[in-house]
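What's in run05.cif: mmCIF, C-alpha atoms; chains and numbers go by the auth columns
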```
data_input
#
loop_
_atom_site.group_PDB
_atom_site.id
_atom_site.type_symbol
_atom_site.label_atom_id
_atom_site.label_comp_id
_atom_site.label_asym_id
_atom_site.label_seq_id
_atom_site.Cartn_x
_atom_site.Cartn_y
_atom_site.Cartn_z
_atom_site.B_iso_or_equiv
_atom_site.auth_seq_id
_atom_site.auth_asym_id
ATOM 1 C CA MET A 1 0.000 0.000 0.000 0.00 1 A
ATOM 2 C CA ASP A 2 1.405 3.371 -1.024 0.00 2 A
ATOM 3 C CA HIS A 3 -0.742 5.591 1.194 0.00 3 A
ATOM 4 C CA LEU A 4 -0.644 5.110 4.967 0.00 4 A
ATOM 5 C CA LEU A 5 -2.850 7.102 7.343 0.00 5 A
ATOM 6 C CA HIS A 6 -1.129 10.224 8.749 0.00 6 A
ATOM 7 C CA HIS A 7 1.925 9.810 6.502 0.00 7 A
ATOM 8 C CA GLU A 8 3.155 12.436 4.085 0.00 8 A
ATOM 9 C CA ILE A 9 3.661 11.724 0.410 0.00 9 A
ATOM 10 C CA ASP A 10 4.603 13.627 -2.729 0.00 10 A
ATOM 11 C CA VAL A 11 1.870 13.527 -5.364 0.00 11 A
ATOM 12 C CA THR A 12 1.407 14.961 -8.832 0.00 12 A
ATOM 13 C CA VAL A 13 -1.870 16.631 -9.784 0.00 13 A
ATOM 14 C CA VAL A 14 -3.281 14.865 -12.853 0.00 14 A
ATOM 15 C CA ALA A 15 -6.715 16.513 -13.061 0.00 15 A
ATOM 16 C CA ALA A 16 -8.645 19.397 -11.552 0.00 16 A
ATOM 17 C CA ARG A 17 -12.345 19.039 -10.851 0.00 17 A
ATOM 18 C CA PRO A 18 -14.795 21.541 -9.346 0.00 18 A
ATOM 19 C CA TRP A 19 -14.795 19.422 -6.169 0.00 19 A
ATOM 20 C CA GLY A 20 -11.029 18.860 -5.861 0.00 20 A
ATOM 21 C CA LEU A 21 -7.809 17.491 -7.315 0.00 21 A
ATOM 22 C CA GLU A 22 -7.074 14.026 -8.640 0.00 22 A
ATOM 23 C CA VAL A 23 -3.483 13.093 -7.833 0.00 23 A
ATOM 24 C CA VAL A 24 -1.091 10.197 -8.307 0.00 24 A
ATOM 25 C CA SER A 25 2.000 9.204 -6.331 0.00 25 A
ATOM 26 C CA GLY A 26 5.357 8.304 -7.827 0.00 26 A
ATOM 27 C CA ARG A 27 4.379 4.624 -7.587 0.00 27 A
ATOM 28 C CA GLY A 28 1.126 5.228 -9.442 0.00 28 A
ATOM 29 C CA ALA A 29 -1.258 5.081 -6.464 0.00 29 A
ATOM 30 C CA ARG A 30 -4.277 7.346 -6.880 0.00 30 A
ATOM 31 C CA GLY A 31 -5.465 9.918 -4.372 0.00 31 A
ATOM 32 C CA PHE A 32 -7.893 12.801 -4.048 0.00 32 A
ATOM 33 C CA ILE A 33 -7.535 16.239 -2.453 0.00 33 A
ATOM 34 C CA ASP A 34 -10.883 17.843 -1.626 0.00 34 A
ATOM 35 C CA THR A 35 -11.274 21.487 -2.629 0.00 35 A
ATOM 36 C CA THR A 36 -11.092 22.666 0.992 0.00 36 A
ATOM 37 C CA LYS A 37 -7.867 20.688 1.568 0.00 37 A
ATOM 38 C CA SER A 38 -6.089 22.050 -1.515 0.00 38 A
ATOM 39 C CA PRO A 39 -3.491 24.837 -1.757 0.00 39 A
ATOM 40 C CA ALA A 40 -5.757 26.655 -4.229 0.00 40 A
ATOM 41 C CA TRP A 41 -8.627 27.017 -1.758 0.00 41 A
ATOM 42 C CA PRO A 42 -10.431 29.415 -1.495 0.00 42 A
ATOM 43 C CA SER A 43 -9.222 31.062 -4.720 0.00 43 A
ATOM 44 C CA GLY A 44 -10.436 28.132 -6.821 0.00 44 A
ATOM 45 C CA ALA A 45 -7.414 28.204 -9.145 0.00 45 A
ATOM 46 C CA HIS A 46 -7.272 24.404 -9.285 0.00 46 A
ATOM 47 C CA GLN A 47 -6.587 24.154 -13.005 0.00 47 A
ATOM 48 C CA ASP A 48 -3.278 25.963 -12.475 0.00 48 A
ATOM 49 C CA LEU A 49 -2.098 23.045 -10.301 0.00 49 A
ATOM 50 C CA VAL A 50 -2.336 20.329 -12.992 0.00 50 A
ATOM 51 C CA GLY A 51 1.153 18.897 -13.417 0.00 51 A
ATOM 52 C CA ALA A 52 2.381 20.314 -10.098 0.00 52 A
ATOM 53 C CA THR A 53 3.976 18.145 -7.429 0.00 53 A
ATOM 54 C CA LEU A 54 2.502 18.682 -3.970 0.00 54 A
ATOM 55 C CA ARG A 55 3.395 17.458 -0.501 0.00 55 A
ATOM 56 C CA ALA A 56 0.250 15.975 1.050 0.00 56 A
ATOM 57 C CA VAL A 57 -0.747 13.977 4.095 0.00 57 A
ATOM 58 C CA VAL A 58 -3.112 10.996 4.111 0.00 58 A
ATOM 59 C CA ILE A 59 -6.237 11.872 6.098 0.00 59 A
ATOM 60 C CA ASP A 60 -8.430 8.898 5.079 0.00 60 A
ATOM 61 C CA ASP A 61 -6.842 5.671 3.864 0.00 61 A
ATOM 62 C CA GLN A 62 -10.113 3.693 3.879 0.00 62 A
ATOM 63 C CA ARG A 63 -11.604 5.368 0.810 0.00 63 A
ATOM 64 C CA ASP A 64 -10.853 4.679 -2.825 0.00 64 A
ATOM 65 C CA PRO A 65 -9.062 6.774 -3.820 0.00 65 A
ATOM 66 C CA VAL A 66 -7.496 7.761 -0.513 0.00 66 A
ATOM 67 C CA ARG A 67 -8.144 11.300 0.702 0.00 67 A
ATOM 68 C CA LEU A 68 -5.247 13.686 1.170 0.00 68 A
ATOM 69 C CA SER A 69 -4.676 17.197 2.464 0.00 69 A
ATOM 70 C CA THR A 70 -2.065 19.850 1.745 0.00 70 A
ATOM 71 C CA LEU A 71 -3.045 22.048 4.706 0.00 71 A
ATOM 72 C CA ASP A 72 -0.394 22.872 7.295 0.00 72 A
ATOM 73 C CA ALA A 73 -2.879 22.178 10.097 0.00 73 A
ATOM 74 C CA ASP A 74 -3.479 18.621 8.835 0.00 74 A
ATOM 75 C CA MET A 75 0.281 18.094 8.441 0.00 75 A
ATOM 76 C CA ARG A 76 0.828 19.125 12.079 0.00 76 A
ATOM 77 C CA ILE A 77 -1.958 16.825 13.310 0.00 77 A
ATOM 78 C CA ALA A 78 -0.499 13.911 11.335 0.00 78 A
ATOM 79 C CA LEU A 79 2.993 14.601 12.683 0.00 79 A
ATOM 80 C CA GLU A 80 1.608 14.544 16.213 0.00 80 A
ATOM 81 C CA LYS A 81 -0.259 11.281 15.547 0.00 81 A
ATOM 82 C CA ARG A 82 2.841 9.655 14.048 0.00 82 A
ATOM 83 C CA GLY A 83 4.821 10.745 17.098 0.00 83 A
ATOM 84 C CA ARG A 84 2.400 8.932 19.389 0.00 84 A
ATOM 85 C CA SER A 85 2.474 5.720 17.368 0.00 85 A
ATOM 86 C CA SER A 86 6.274 5.485 17.027 0.00 86 A
#
```
Let's see the structure in the file written out as structure tokens.
Amino acid sequence: MDHLLHHEIDVTVVAARPWGLEVVSGRGARGFIDTTKSPAWPSGAHQDLVGATLRAVVIDDQRDPVRLSTLDADMRIALEKRGRSS
């Protein structure tokens, strides 16, 4: 499995939708970044991110595709959670 809950991963944006970004990891695993978890929120400039590489954190590994976030707040929460589980 490429995406583990609370872990950070580099992903490339492959498509922009009105509801968020479709992304893929270097190993080809798919993911999704909801509009409110994207770096383009609230401006809505999602199309400008197609082809960009983003650092994201896995916030839901039970969905297909997994859900990710690029928000600093979610990164800090994940770091804290990883620290507890180490």
Atom-to-atom span, atom CA of Arg17 of chain A and atom CA of Ser69 of chain A, Å |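 The value is 15.5 Å.
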Atom CA of Leu4 of chain A to atom CA of Trp19 of chain A, distance in Å rounded to a single decimal = 23.0 Å
Spatial neighbours of Ala56 of chain A, max dist 9 Å, only C-alpha atoms, sep filter under 2 positions, as a list in words = His7, Glu8, Ile9, Asp10, Val11, Ile33, Leu54, Val58, Leu68, Ser69, Thr70, Leu71 and Met75 of chain A
So which residues touch Asp48 of chain A within 12 Å, counting only C-alpha atoms, skipping near sequence neighbours fewer than 2 positions away, as a compact mmCIF listing (two decimals) with C-alpha atoms, keeping the file's coordinate frame?
```
# COMPACT_ATOMS: atom_id res chain seq x y z
CA VAL A 13 -1.87 16.63 -9.78
CA VAL A 14 -3.28 14.86 -12.85
CA ALA A 15 -6.72 16.51 -13.06
CA ALA A 16 -8.64 19.40 -11.55
CA ARG A 17 -12.34 19.04 -10.85
CA LEU A 21 -7.81 17.49 -7.32
CA SER A 38 -6.09 22.05 -1.52
CA PRO A 39 -3.49 24.84 -1.76
CA ALA A 40 -5.76 26.66 -4.23
CA SER A 43 -9.22 31.06 -4.72
CA GLY A 44 -10.44 28.13 -6.82
CA ALA A 45 -7.41 28.20 -9.14
CA HIS A 46 -7.27 24.40 -9.28
CA VAL A 50 -2.34 20.33 -12.99
CA GLY A 51 1.15 18.90 -13.42
CA ALA A 52 2.38 20.31 -10.10
CA THR A 53 3.98 18.14 -7.43
```
Residues within 10 Å of (-5.1, 8.8, -5.9), file coords, only C-alpha atoms, listed as a PyMOL selection string | chain A and resi 2-3+11-14+21-25+28-33+63-68
Hey, what's within 10 Å of Trp41 of chain A if we count all atoms listed in the file and toss same-chain stuff fewer than 6 positions away? As a PyMOL selection string, please?
-> chain A and resi 20+34-35+71
Could you please determine the separation between atom CA of Gly83 of chain A and atom CA of His6 of chain A in Å, to one decimal place?
->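 Value for the atom CA of Gly83 of chain A-atom CA of His6 of chain A distance: 10.3 Å.
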Kindly compute an axis-aligned box around the listed atoms of segment 20-23 of chain A, allowing 5 Å on each side, and express its centre and edge lengths in Å to one decimal as AutoDock Vina command-line options.
```
--center_x -7.3 --center_y 16.0 --center_z -7.3 --size_x 17.5 --size_y 15.8 --size_z 12.8
```
When distances are computed from all atoms listed in the file, which of A:Asp72, A:Leu49, A:Leu5, A:Pro18 shows the smallest separation from Lys37 of chain A?
-> A:Asp72
